[in-house]
file start_32.cif (mmCIF, C-alpha atoms)
data_data
#
loop_
_atom_site.label_atom_id
_atom_site.label_comp_id
_atom_site.auth_asym_id
_atom_site.auth_seq_id
_atom_site.Cartn_x
_atom_site.Cartn_y
_atom_site.Cartn_z
CA MET E 1 16.64 -97.59 -114.05
CA ARG E 2 15.62 -101.00 -112.68
CA THR E 3 12.24 -100.69 -111.04
CA LEU E 4 9.31 -98.31 -110.97
CA THR E 5 7.15 -98.07 -107.87
CA VAL E 6 3.57 -97.19 -108.74
CA LEU E 7 1.61 -95.50 -105.97
CA TYR E 8 -2.00 -96.12 -106.94
CA ASP E 9 -5.38 -95.49 -105.37
CA SER E 10 -6.50 -98.89 -104.06
CA GLU E 11 -9.97 -97.53 -103.27
CA CYS E 12 -10.84 -96.88 -106.90
CA GLY E 13 -12.24 -99.70 -109.02
CA LEU E 14 -10.76 -98.37 -112.24
CA CYS E 15 -7.30 -98.26 -110.68
CA ARG E 16 -7.62 -101.83 -109.39
CA ARG E 17 -8.73 -102.93 -112.86
CA ALA E 18 -5.75 -101.13 -114.41
CA HIS E 19 -3.47 -102.76 -111.85
CA GLU E 20 -4.73 -106.24 -112.83
CA TRP E 21 -4.21 -105.49 -116.52
CA LEU E 22 -0.70 -104.14 -115.91
CA ALA E 23 0.26 -107.18 -113.87
CA GLN E 24 -0.34 -109.38 -116.93
CA GLN E 25 1.60 -107.28 -119.43
CA PRO E 26 5.15 -108.18 -120.47
CA LYS E 27 7.52 -105.60 -119.01
CA LEU E 28 10.91 -104.10 -119.80
CA ILE E 29 11.13 -102.67 -116.29
CA GLU E 30 9.75 -104.19 -113.11
CA LEU E 31 6.66 -102.46 -111.73
CA VAL E 32 5.98 -102.52 -107.98
CA PHE E 33 2.47 -101.55 -106.90
CA VAL E 34 1.97 -99.89 -103.54
CA PRO E 35 -1.33 -98.31 -102.42
CA CYS E 36 -0.86 -94.55 -102.15
CA ALA E 37 -0.51 -92.95 -98.69
CA SER E 38 -0.27 -96.44 -97.12
CA ALA E 39 2.09 -97.30 -94.30
CA GLU E 40 4.25 -99.15 -96.81
CA ALA E 41 4.44 -96.13 -99.10
CA ARG E 42 5.37 -93.87 -96.18
CA LYS E 43 8.10 -96.30 -95.17
CA LEU E 44 9.54 -96.53 -98.69
CA PHE E 45 9.51 -92.79 -99.36
CA PRO E 46 9.82 -91.00 -96.02
CA GLU E 47 10.28 -87.53 -97.52
CA LEU E 48 7.45 -87.65 -100.06
CA ASN E 49 4.27 -85.61 -99.61
CA HIS E 50 1.79 -88.45 -99.35
CA GLU E 51 -1.34 -86.25 -99.32
CA TRP E 52 -0.27 -85.16 -102.77
CA THR E 53 -0.08 -88.75 -104.07
CA LYS E 54 -3.77 -89.27 -103.27
CA ALA E 55 -4.69 -86.77 -105.97
CA ASP E 56 -3.17 -88.60 -108.92
CA LEU E 57 -1.05 -91.58 -109.88
CA THR E 58 2.56 -91.21 -108.72
CA VAL E 59 5.44 -93.24 -110.10
CA ILE E 60 8.90 -93.26 -108.52
CA ASP E 61 11.95 -95.01 -109.94
CA ASN E 62 14.56 -96.80 -107.87
CA LEU E 63 16.76 -93.67 -107.88
CA GLY E 64 14.00 -91.46 -106.47
CA ALA E 65 12.82 -89.59 -109.59
CA VAL E 66 9.14 -88.73 -109.08
CA TYR E 67 6.69 -88.72 -112.01
CA PHE E 68 3.31 -87.35 -111.09
CA GLY E 69 -0.05 -87.70 -112.87
CA PRO E 70 0.18 -87.87 -116.69
CA LYS E 71 3.96 -88.24 -116.47
CA GLY E 72 3.44 -91.25 -114.22
CA TRP E 73 1.08 -92.82 -116.75
CA LEU E 74 3.63 -92.29 -119.51
CA MET E 75 6.31 -93.94 -117.39
CA VAL E 76 4.08 -96.96 -116.79
CA LEU E 77 3.51 -97.28 -120.56
CA TRP E 78 7.25 -96.95 -121.07
CA ALA E 79 7.84 -99.90 -118.75
CA LEU E 80 5.68 -102.18 -120.92
CA THR E 81 7.29 -104.10 -123.77
CA ARG E 82 4.34 -103.62 -126.10
CA TYR E 83 3.69 -99.98 -125.33
CA ARG E 84 7.11 -98.35 -125.01
CA GLU E 85 6.76 -96.89 -128.51
CA TRP E 86 3.44 -95.37 -127.52
CA SER E 87 5.01 -93.65 -124.52
CA TYR E 88 7.41 -91.83 -126.86
CA ARG E 89 4.65 -90.99 -129.29
CA LEU E 90 2.36 -89.60 -126.59
CA ALA E 91 5.22 -87.60 -125.06
CA THR E 92 6.07 -85.71 -128.26
CA PRO E 93 5.48 -81.94 -128.01
CA GLU E 94 2.55 -82.23 -130.44
CA LEU E 95 0.68 -84.84 -128.43
CA LEU E 96 1.77 -84.14 -124.85
CA PRO E 97 -0.86 -81.43 -124.11
CA THR E 98 -3.66 -83.74 -125.29
CA THR E 99 -2.20 -86.67 -123.36
CA LYS E 100 -2.11 -84.55 -120.20
CA ARG E 101 -5.67 -83.33 -120.66
CA VAL E 102 -7.10 -86.79 -121.31
CA VAL E 103 -5.17 -88.44 -118.47
CA SER E 104 -6.09 -85.71 -115.99
CA ALA E 105 -9.74 -85.93 -116.97
CA ILE E 106 -9.74 -89.69 -116.40
CA SER E 107 -7.92 -89.34 -113.07
CA GLN E 108 -10.21 -86.67 -111.75
CA ASN E 109 -13.33 -88.62 -112.65
CA ARG E 110 -12.01 -92.04 -111.71
CA TYR E 111 -14.67 -92.76 -109.09
CA GLN E 112 -17.50 -91.85 -111.46
CA ILE E 113 -15.95 -93.93 -114.25
CA SER E 114 -15.51 -96.87 -111.86
CA ARG E 115 -19.17 -96.65 -110.88
CA ALA E 116 -20.27 -96.38 -114.50
CA VAL E 117 -18.37 -99.44 -115.68
CA SER E 118 -19.03 -101.72 -112.74
CA MET V 1 22.77 -110.69 -184.73
CA THR V 2 19.04 -111.34 -184.56
CA ILE V 3 16.64 -108.95 -182.85
CA GLU V 4 16.08 -111.52 -180.06
CA ILE V 5 19.76 -111.67 -179.20
CA THR V 6 20.05 -107.87 -179.25
CA THR V 7 17.01 -107.60 -176.96
CA TYR V 8 18.51 -110.11 -174.53
CA LEU V 9 21.85 -108.30 -174.46
CA VAL V 10 20.27 -104.90 -173.92
CA TYR V 11 18.07 -106.40 -171.20
CA LEU V 12 21.09 -107.88 -169.42
CA ALA V 13 23.08 -104.67 -169.69
CA ILE V 14 20.27 -102.51 -168.28
CA SER V 15 19.35 -104.98 -165.49
CA ILE V 16 22.91 -105.50 -164.33
CA ALA V 17 23.65 -101.76 -164.35
CA LEU V 18 20.48 -101.03 -162.37
CA THR V 19 21.17 -103.76 -159.81
CA ILE V 20 24.71 -102.52 -159.25
CA TRP V 21 23.51 -98.96 -158.86
CA VAL V 22 20.84 -99.86 -156.28
CA ALA V 23 23.21 -102.15 -154.38
CA ARG V 24 25.83 -99.41 -154.17
CA THR V 25 23.28 -96.89 -152.96
CA LEU V 26 22.17 -99.31 -150.25
CA HIS V 27 25.73 -100.10 -149.29
CA LYS V 28 26.70 -96.46 -149.00
CA ASN V 29 23.64 -95.11 -147.21
CA GLY V 30 22.75 -98.17 -145.13
CA ARG V 31 26.08 -98.07 -143.31
CA VAL V 32 25.10 -95.11 -141.12
CA PHE V 33 22.02 -97.00 -139.86
CA LEU V 34 23.99 -100.13 -139.12
CA VAL V 35 26.74 -98.28 -137.25
CA ASP V 36 24.02 -96.77 -135.06
CA VAL V 37 22.29 -100.13 -134.53
CA PHE V 38 25.55 -101.81 -133.51
CA HIS V 39 26.45 -99.07 -130.99
CA GLY V 40 29.20 -97.58 -133.14
CA ASN V 41 30.91 -100.94 -133.76
CA GLU V 42 32.03 -100.09 -137.30
CA THR V 43 33.70 -103.41 -138.07
CA LEU V 44 30.52 -105.33 -137.30
CA ALA V 45 28.38 -102.79 -139.17
CA ASP V 46 30.57 -103.04 -142.27
CA SER V 47 30.49 -106.80 -142.13
CA VAL V 48 26.68 -106.96 -141.85
CA ASN V 49 26.35 -104.31 -144.55
CA HIS V 50 28.50 -106.35 -146.89
CA LEU V 51 26.55 -109.53 -146.20
CA LEU V 52 23.26 -107.73 -146.88
CA VAL V 53 24.56 -106.43 -150.21
CA VAL V 54 25.71 -109.92 -151.21
CA GLY V 55 22.20 -111.26 -150.50
CA PHE V 56 20.74 -108.39 -152.47
CA TYR V 57 22.94 -109.17 -155.50
CA LEU V 58 22.12 -112.87 -155.34
CA ILE V 59 18.37 -112.33 -155.27
CA ASN V 60 18.37 -109.72 -158.01
CA PHE V 61 20.72 -111.46 -160.40
CA GLY V 62 18.79 -114.66 -159.77
CA TYR V 63 15.59 -112.91 -160.79
CA VAL V 64 17.19 -111.21 -163.82
CA SER V 65 18.53 -114.54 -164.98
CA LEU V 66 15.24 -116.41 -164.50
CA ALA V 67 13.25 -113.69 -166.25
CA LEU V 68 15.53 -113.55 -169.28
CA LYS V 69 13.67 -116.01 -171.52
CA LEU V 70 11.14 -114.31 -173.75
CA GLY V 71 9.18 -117.37 -174.88
CA TYR V 72 7.96 -115.93 -178.16
CA ASP V 73 9.44 -114.67 -181.42
CA ILE V 74 10.06 -111.02 -182.16
CA ALA V 75 9.36 -109.79 -185.67
CA ASP V 76 10.80 -106.28 -185.64
CA ALA V 77 12.51 -103.62 -183.56
CA LYS V 78 9.17 -102.30 -182.26
CA GLU V 79 8.28 -105.65 -180.72
CA GLY V 80 11.82 -105.92 -179.39
CA ILE V 81 11.54 -102.62 -177.54
CA GLU V 82 8.12 -103.58 -176.18
CA ALA V 83 9.44 -106.90 -174.88
CA LEU V 84 12.43 -105.09 -173.39
CA SER V 85 10.24 -102.53 -171.60
CA VAL V 86 8.17 -105.29 -169.96
CA LYS V 87 11.28 -107.14 -168.80
CA VAL V 88 13.08 -104.05 -167.52
CA GLY V 89 9.88 -102.86 -165.87
CA MET V 90 9.65 -106.10 -163.91
CA VAL V 91 13.28 -105.85 -162.87
CA LEU V 92 12.69 -102.29 -161.67
CA LEU V 93 9.68 -103.36 -159.61
CA VAL V 94 11.60 -106.23 -158.03
CA LEU V 95 14.51 -103.89 -157.28
CA GLY V 96 12.11 -101.37 -155.77
CA GLY V 97 10.49 -104.05 -153.64
CA MET V 98 13.87 -105.30 -152.44
CA HIS V 99 14.98 -101.79 -151.72
CA PHE V 100 11.98 -101.04 -149.52
CA PHE V 101 12.36 -104.39 -147.82
CA ASN V 102 15.95 -103.48 -146.99
CA LEU V 103 14.89 -100.09 -145.65
CA PHE V 104 12.25 -101.83 -143.55
CA VAL V 105 14.86 -104.21 -142.11
CA PHE V 106 17.19 -101.32 -141.29
CA SER V 107 14.52 -99.25 -139.57
CA ARG V 108 13.23 -102.31 -137.72
CA MET V 109 16.72 -103.03 -136.36
CA ARG V 110 17.13 -99.44 -135.37
CA ARG V 111 13.76 -99.24 -133.65
CA ARG V 112 14.40 -102.41 -131.70
CA LYS V 113 17.63 -100.89 -130.46
CA THR V 114 16.02 -97.62 -129.37
CA ILE V 115 13.26 -99.60 -127.64
CA HIS V 116 15.71 -101.55 -125.53
CA ASP V 117 18.05 -98.90 -124.30
CA GLY V 118 15.56 -96.09 -124.54
CA ARG V 119 15.55 -93.27 -122.06
CA PRO V 120 12.35 -92.32 -120.23
CA PRO V 121 9.97 -90.43 -122.51
CA ILE V 122 9.73 -87.53 -120.10
CA ALA V 123 11.67 -85.74 -117.34
CA PRO V 124 10.67 -86.33 -113.70
CA ASP V 125 8.75 -83.71 -111.70
CA SER V 126 11.03 -83.94 -108.67
CA PHE V 127 13.25 -86.23 -106.66
CA THR V 128 12.66 -87.87 -103.33
CA ALA V 129 14.70 -89.98 -100.96
CA VAL V 130 14.24 -93.74 -101.36
CA LYS V 131 14.62 -96.03 -98.39
CA GLN V 132 17.27 -98.55 -99.34
CA GLU V 133 16.02 -102.10 -99.46
CA VAL V 134 17.95 -104.41 -97.20
#
call {"tool": "encode", "arguments": {"input": "start_32.cif", "output": "structure tokens"}}
result
Amino acid sequence: MRTLTVLYDSECGLCRRAHEWLAQQPKLIELVFVPCASAEARKLFPELNHEWTKADLTVIDNLGAVYFGPKGWLMVLWALTRYREWSYRLATPELLPTTKRVVSAISQNRYQISRAVS
Amino acid sequence: MTIEITTYLVYLAISIALTIWVARTLHKNGRVFLVDVFHGNETLADSVNHLLVVGFYLINFGYVSLALKLGYDIADAKEGIEALSVKVGMVLLVLGGMHFFNLFVFSRMRRRKTIHDGRPPIAPDSFTAVKQEV
């Protein structure tokens, strides 16, 4: 795996903040950020359901493997030099259900959280 | 033979035996870790293992030798045994410390390896076609 394309919601403040933070982190794998359901995203992944990507973070590797929602977040962590260990820890069977719950809760309330922190 | 000399000889015998035992344990059980770290390259693993054990011997024998001198007179066998227990106790603690340091080095090497050629933490949800970049 060489690159991960991150389809993120460019209309949400929290996501833009996360994008800025990620851009500064040292990486083991290159991350490419593309706003979800944009013309660019549709061009890159012609067969993907783009309505679906608006609901939650979607990460696609250069071979076409799609990681949606919490899985996408784990893949982004995995790409970071400092946090790869955490991606394994959070993906263990003991922690995965909690990871999914927390990540989904943040994703679903991202506009409210953005408003609250700005 | 005075009590001091006997104490020194017993101290040396116990310390040397302990050091050899710990070094052999490390040598035997550390090999598996090193083979894994070096992607199954057994020659390299054996070489590094041997070098680690040599360093281990040097540090421990160095300590045993430096710590030999008692610095006070011993009157009877009771005091001899007491002095011996302090000395051997220190050697044991140093050996224990070295042992855990070695374990730490091994696991560190191993973790670094798994970090760098690690597989994704999770399986993908699906696959999609990717437009080839020109």
call {"tool": "residues_around", "arguments": {"input": "start_32.cif", "residues": "Gly118 in chain V", "least_positions_apart": "4", "cutoff": "12 Å", "atoms": "all atoms listed in the file", "output": "ChimeraX atom specification"}}
result
/E:1,28-29,75,78-79,81,84-85,87-88 /V:110-114,122
call {"tool": "resolve_selection", "arguments": {"input": "start_32.cif", "expression": "the PyMOL selection byres ((chain E and resi 30) around 7)", "output": "list in words"}}
result
Arg2, Thr3, Leu4, Lys27, Leu28, Ile29, Leu31 and Val32 of chain E
call {"tool": "resolve_selection", "arguments": {"input": "start_32.cif", "expression": "the PyMOL selection byres ((chain V) within 7 of (chain E))", "output": "list of chain:residue names"}}
result
V:Ile115, V:Pro120, V:Pro121, V:Ile122, V:Pro124, V:Asp125, V:Ser126, V:Phe127, V:Thr128, V:Ala129, V:Val130, V:Lys131
call {"tool": "residues_around", "arguments": {"input": "start_32.cif", "residues": "range 50-66 of chain V", "least_positions_apart": "5", "cutoff": "8 Å", "atoms": "only C-alpha atoms", "output": "PDB file with C-alpha atoms, in the frame of the given file"}}
result
ATOM      1  CA  LEU V  12      21.090-107.880-169.420  1.00  0.00           C
ATOM      2  CA  SER V  15      19.350-104.980-165.490  1.00  0.00           C
ATOM      3  CA  ILE V  16      22.910-105.500-164.330  1.00  0.00           C
ATOM      4  CA  THR V  19      21.170-103.760-159.810  1.00  0.00           C
ATOM      5  CA  ILE V  20      24.710-102.520-159.250  1.00  0.00           C
ATOM      6  CA  ALA V  23      23.210-102.150-154.380  1.00  0.00           C
ATOM      7  CA  LEU V  26      22.170 -99.310-150.250  1.00  0.00           C
ATOM      8  CA  HIS V  27      25.730-100.100-149.290  1.00  0.00           C
ATOM      9  CA  VAL V  91      13.280-105.850-162.870  1.00  0.00           C
ATOM     10  CA  VAL V  94      11.600-106.230-158.030  1.00  0.00           C
ATOM     11  CA  LEU V  95      14.510-103.890-157.280  1.00  0.00           C
ATOM     12  CA  MET V  98      13.870-105.300-152.440  1.00  0.00           C
TER      13      MET V  98
END
call {"tool": "axis_aligned_box", "arguments": {"input": "start_32.cif", "around": "range 21-40 of chain V", "padding_each_side": "4 Å", "output": "lines of an AutoDock Vina configuration file"}}
result
center_x = 25.0
center_y = -98.6
center_z = -144.9
size_x = 16.4
size_y = 15.0
size_z = 35.9
call {"tool": "closest_residue", "arguments": {"input": "start_32.cif", "among": "V:Thr7, V:Thr2, V:Ser47, V:Thr25", "to": "Glu79 in chain V", "atoms": "all atoms listed in the file"}}
result
V:Thr7
call {"tool": "resolve_selection", "arguments": {"input": "start_32.cif", "expression": "the PyMOL selection byres ((chain V and resi 46) around 10)", "output": "list in words"}}
result
His27, Gly30, Arg31, Val32, Leu34, Val35, Asn41, Glu42, Thr43, Leu44, Ala45, Ser47, Val48, Asn49, His50, Leu51 and Leu52 of chain V
call {"tool": "atom_distance", "arguments": {"input": "start_32.cif", "atom1": "CA of Asp9 in chain E", "atom2": "CA of Leu57 in chain E"}}
result
7.4 Å
call {"tool": "closest_residue", "arguments": {"input": "start_32.cif", "among": "V:Gly40, V:Leu68, V:Asn29, V:Gly97", "to": "Ala83 in chain V", "atoms": "all atoms listed in the file"}}
result
V:Leu68
call {"tool": "decode", "arguments": {"input": "start_32.cif", "residues": "range 23-87 of chain E", "atoms": "C-alpha atoms", "output": "CSV table (one decimal), in the first residue's frame"}}
result
chain,number,residue,atom,x,y,z
E,23,ALA,CA,-1.2,17.4,7.4
E,24,GLN,CA,1.5,18.3,10.0
E,25,GLN,CA,2.0,14.7,11.3
E,26,PRO,CA,4.9,12.5,10.2
E,27,LYS,CA,3.5,9.7,8.0
E,28,LEU,CA,4.4,6.2,7.1
E,29,ILE,CA,2.0,6.3,4.2
E,30,GLU,CA,1.1,9.3,2.1
E,31,LEU,CA,-2.4,10.7,2.8
E,32,VAL,CA,-4.3,12.5,0.0
E,33,PHE,CA,-7.2,14.6,1.0
E,34,VAL,CA,-10.2,15.0,-1.3
E,35,PRO,CA,-13.5,16.6,-0.3
E,36,CYS,CA,-16.2,14.0,-0.4
E,37,ALA,CA,-18.7,13.8,-3.3
E,38,SER,CA,-16.6,16.5,-5.1
E,39,ALA,CA,-16.0,16.4,-8.8
E,40,GLU,CA,-12.4,15.3,-8.1
E,41,ALA,CA,-13.6,12.4,-5.9
E,42,ARG,CA,-16.1,11.3,-8.6
E,43,LYS,CA,-13.3,11.4,-11.2
E,44,LEU,CA,-10.9,9.3,-9.0
E,45,PHE,CA,-13.5,6.7,-8.0
E,46,PRO,CA,-16.1,6.4,-10.7
E,47,GLU,CA,-17.8,3.4,-9.3
E,48,LEU,CA,-18.1,4.5,-5.7
E,49,ASN,CA,-21.4,5.5,-4.1
E,50,HIS,CA,-20.6,9.1,-3.4
E,51,GLU,CA,-23.9,9.8,-1.5
E,52,TRP,CA,-22.7,7.2,1.0
E,53,THR,CA,-19.3,9.0,1.5
E,54,LYS,CA,-21.1,12.1,2.8
E,55,ALA,CA,-22.3,10.2,5.8
E,56,ASP,CA,-18.9,9.4,7.3
E,57,LEU,CA,-15.2,9.5,6.6
E,58,THR,CA,-14.2,7.2,3.7
E,59,VAL,CA,-10.6,6.1,3.1
E,60,ILE,CA,-9.5,4.3,0.0
E,61,ASP,CA,-6.1,2.9,-0.7
E,62,ASN,CA,-4.3,3.0,-4.0
E,63,LEU,CA,-5.5,-0.5,-4.8
E,64,GLY,CA,-9.2,0.4,-4.2
E,65,ALA,CA,-9.8,-1.1,-0.8
E,66,VAL,CA,-12.6,1.0,0.9
E,67,TYR,CA,-12.6,1.7,4.6
E,68,PHE,CA,-15.7,3.4,5.8
E,69,GLY,CA,-16.4,5.3,9.0
E,70,PRO,CA,-14.5,4.0,12.1
E,71,LYS,CA,-12.4,1.7,9.9
E,72,GLY,CA,-11.4,4.8,7.9
E,73,TRP,CA,-10.3,6.6,11.1
E,74,LEU,CA,-8.2,3.6,12.1
E,75,MET,CA,-6.5,3.5,8.7
E,76,VAL,CA,-5.7,7.2,9.0
E,77,LEU,CA,-4.1,6.5,12.5
E,78,TRP,CA,-2.2,3.6,10.9
E,79,ALA,CA,-0.7,5.9,8.3
E,80,LEU,CA,0.8,8.1,11.0
E,81,THR,CA,4.3,7.3,12.3
E,82,ARG,CA,3.4,8.2,15.9
E,83,TYR,CA,0.1,6.6,16.0
E,84,ARG,CA,0.4,3.3,14.2
E,85,GLU,CA,0.6,1.4,17.4
E,86,TRP,CA,-2.6,3.0,18.6
E,87,SER,CA,-4.4,1.8,15.4
